[in-house]
Amino acid sequence: MATKENCQIIKENNCDTKMGLPYVLEAFTSIFETGSISNKCCGELVVLGKVCDSALVKRTLENPLFKNLSPAIIIAKSIQIWNNCLALIDSPSPFV
């Protein structure tokens, strides 16, 4: 996906303003470096939404500072973290 498309998605969905900076840094570290993600940050990530999460990860990968990272590995890690957070936040209610 082109940078312009990612930037458009981010702008249209207000992705840059949906998540507080401490959670952005925590999520970034867990995706692009190493580290775990807290339950609170998982909640913030799920509220951010999958569309924003994907667009922000892809936009970051397009930055020349991250050219040495494998996009496939980063995207797979991002999906794994997203799925783990979603499972944690959206666990089925015992009343369903």
# chains A, B, ... in the order shown; residues from 1 in each chain; ligands from 1

$ residues_around --residues "Leu86 of chain A" --least-positions-apart "6" --cutoff "9 Å" --atoms "only C-alpha atoms" --output "VMD selection string"
chain A and resid 42 to 43 45 to 46

$ write_last_selection --atoms "C-alpha atoms" --output "PDB file, in the first residue's frame"
ATOM      1  CA  CYS A  42      -4.229  -3.660  24.656  1.00  0.00           C
ATOM      2  CA  GLY A  43      -7.512  -1.936  25.460  1.00  0.00           C
ATOM      3  CA  LEU A  45      -5.033  -0.593  20.818  1.00  0.00           C
ATOM      4  CA  VAL A  46      -8.414  -2.267  20.319  1.00  0.00           C
TER       5      VAL A  46
END

$ residues_around --residues "Thr60 of chain A" --least-positions-apart "6" --cutoff "12 Å" --atoms "only C-alpha atoms" --output "ChimeraX atom specification"
/A:2-3,6-7,10,28,31-32,53-54,66-67,69,71,74-75,78

$ select_by_dssp --residues "chain A" --states "helix (DSSP H, G or I)" --output "number ranges by chain"
A: 3-12, 15-17, 21-32, 39-48, 50-61, 64-66, 71-89

$ closest_residue --among "A:Ala27, A:Met19, A:Ala72, A:Cys41" --to "Leu88 of chain A" --atoms "only C-alpha atoms"
A:Cys41

$ closest_residue --among "A:Ile9, A:Leu48, A:Leu21, A:Ile81" --to "Gly35 of chain A" --atoms "only C-alpha atoms"
A:Ile81

$ atom_distance --atom1 "atom CA of Lys18 of chain A" --atom2 "atom CA of Lys50 of chain A"
12.3 Å

$ residues_around --residues "Val51 of chain A" --least-positions-apart "4" --cutoff "12 Å" --atoms "only C-alpha atoms" --output "list in words"
Glu5, Asn6, Cys7, Gln8, Ile9, Ile10, Lys11, Glu12, Asn13, Asn14, Cys15, Leu45, Val46, Val47, Ala55, Leu56, Val57, Lys58, Ile79 and Trp82 of chain A

$ atom_distance --atom1 "atom CA of Ile89 of chain A" --atom2 "atom CA of Thr17 of chain A"
20.8 Å

$ decode --residues "segment 8-19 of chain A" --atoms "all heavy atoms" --output "short mmCIF file (atom, residue, chain, number, x, y, z; two decimals), in the first residue's frame"
data_model
loop_
_atom_site.label_atom_id
_atom_site.label_comp_id
_atom_site.auth_asym_id
_atom_site.auth_seq_id
_atom_site.Cartn_x
_atom_site.Cartn_y
_atom_site.Cartn_z
N GLN A 8 -3.77 8.86 4.13
CA GLN A 8 -5.19 9.19 3.96
C GLN A 8 -6.06 8.42 4.95
O GLN A 8 -6.96 8.97 5.57
CB GLN A 8 -5.63 8.91 2.52
CG GLN A 8 -7.03 9.40 2.19
CD GLN A 8 -7.14 10.91 2.20
OE1 GLN A 8 -6.17 11.63 2.00
NE2 GLN A 8 -8.33 11.41 2.47
N ILE A 9 -5.78 7.14 5.12
CA ILE A 9 -6.52 6.31 6.07
C ILE A 9 -6.33 6.86 7.48
O ILE A 9 -7.29 7.00 8.24
CB ILE A 9 -6.04 4.83 6.00
CG1 ILE A 9 -6.50 4.18 4.69
CG2 ILE A 9 -6.56 4.03 7.20
CD1 ILE A 9 -5.83 2.86 4.40
N ILE A 10 -5.10 7.20 7.82
CA ILE A 10 -4.79 7.73 9.15
C ILE A 10 -5.52 9.04 9.39
O ILE A 10 -6.13 9.24 10.45
CB ILE A 10 -3.26 7.88 9.32
CG1 ILE A 10 -2.62 6.48 9.38
CG2 ILE A 10 -2.91 8.69 10.56
CD1 ILE A 10 -1.12 6.46 9.18
N LYS A 11 -5.52 9.91 8.38
CA LYS A 11 -6.19 11.21 8.51
C LYS A 11 -7.70 11.04 8.62
O LYS A 11 -8.34 11.62 9.50
CB LYS A 11 -5.84 12.09 7.31
CG LYS A 11 -6.43 13.47 7.38
CD LYS A 11 -6.01 14.31 6.18
CE LYS A 11 -6.66 15.68 6.25
NZ LYS A 11 -6.32 16.49 5.07
N GLU A 12 -8.29 10.24 7.74
CA GLU A 12 -9.75 10.07 7.72
C GLU A 12 -10.29 9.44 9.00
O GLU A 12 -11.41 9.71 9.40
CB GLU A 12 -10.16 9.20 6.52
CG GLU A 12 -10.06 9.91 5.20
CD GLU A 12 -10.34 9.00 4.01
OE1 GLU A 12 -10.59 7.79 4.20
OE2 GLU A 12 -10.29 9.50 2.87
N ASN A 13 -9.49 8.60 9.63
CA ASN A 13 -9.92 7.90 10.83
C ASN A 13 -9.39 8.52 12.13
O ASN A 13 -9.57 7.94 13.20
CB ASN A 13 -9.51 6.43 10.76
CG ASN A 13 -10.26 5.68 9.69
OD1 ASN A 13 -11.42 5.33 9.87
ND2 ASN A 13 -9.64 5.46 8.54
N ASN A 14 -8.74 9.69 12.01
CA ASN A 14 -8.16 10.37 13.17
C ASN A 14 -7.26 9.43 13.99
O ASN A 14 -7.26 9.48 15.22
CB ASN A 14 -9.26 10.96 14.07
CG ASN A 14 -10.07 12.00 13.35
OD1 ASN A 14 -9.52 12.89 12.70
ND2 ASN A 14 -11.38 11.89 13.43
N CYS A 15 -6.51 8.59 13.32
CA CYS A 15 -5.69 7.58 13.98
C CYS A 15 -4.61 8.20 14.88
O CYS A 15 -4.26 7.62 15.90
CB CYS A 15 -5.03 6.68 12.95
SG CYS A 15 -6.18 5.76 11.92
N ASP A 16 -4.11 9.37 14.49
CA ASP A 16 -3.03 9.98 15.26
C ASP A 16 -3.48 10.50 16.62
O ASP A 16 -2.65 10.80 17.46
CB ASP A 16 -2.41 11.15 14.46
CG ASP A 16 -1.53 10.67 13.31
OD1 ASP A 16 -1.06 9.51 13.36
OD2 ASP A 16 -1.32 11.45 12.38
N THR A 17 -4.78 10.63 16.82
CA THR A 17 -5.27 11.24 18.07
C THR A 17 -6.06 10.28 18.95
O THR A 17 -6.49 10.67 20.03
CB THR A 17 -6.16 12.46 17.75
OG1 THR A 17 -7.28 12.02 16.98
CG2 THR A 17 -5.40 13.53 16.99
N LYS A 18 -6.23 9.04 18.53
CA LYS A 18 -7.07 8.10 19.27
C LYS A 18 -6.38 7.41 20.44
O LYS A 18 -7.04 6.82 21.28
CB LYS A 18 -7.60 7.01 18.33
CG LYS A 18 -8.71 7.47 17.43
CD LYS A 18 -9.24 6.29 16.64
CE LYS A 18 -10.42 6.66 15.78
NZ LYS A 18 -10.89 5.51 15.00
N MET A 19 -5.06 7.46 20.50
CA MET A 19 -4.32 6.70 21.49
C MET A 19 -3.31 7.62 22.17
O MET A 19 -2.60 8.37 21.50
CB MET A 19 -3.60 5.55 20.77
CG MET A 19 -3.19 4.41 21.61
SD MET A 19 -2.65 3.05 20.51
CE MET A 19 -1.98 1.94 21.69
#
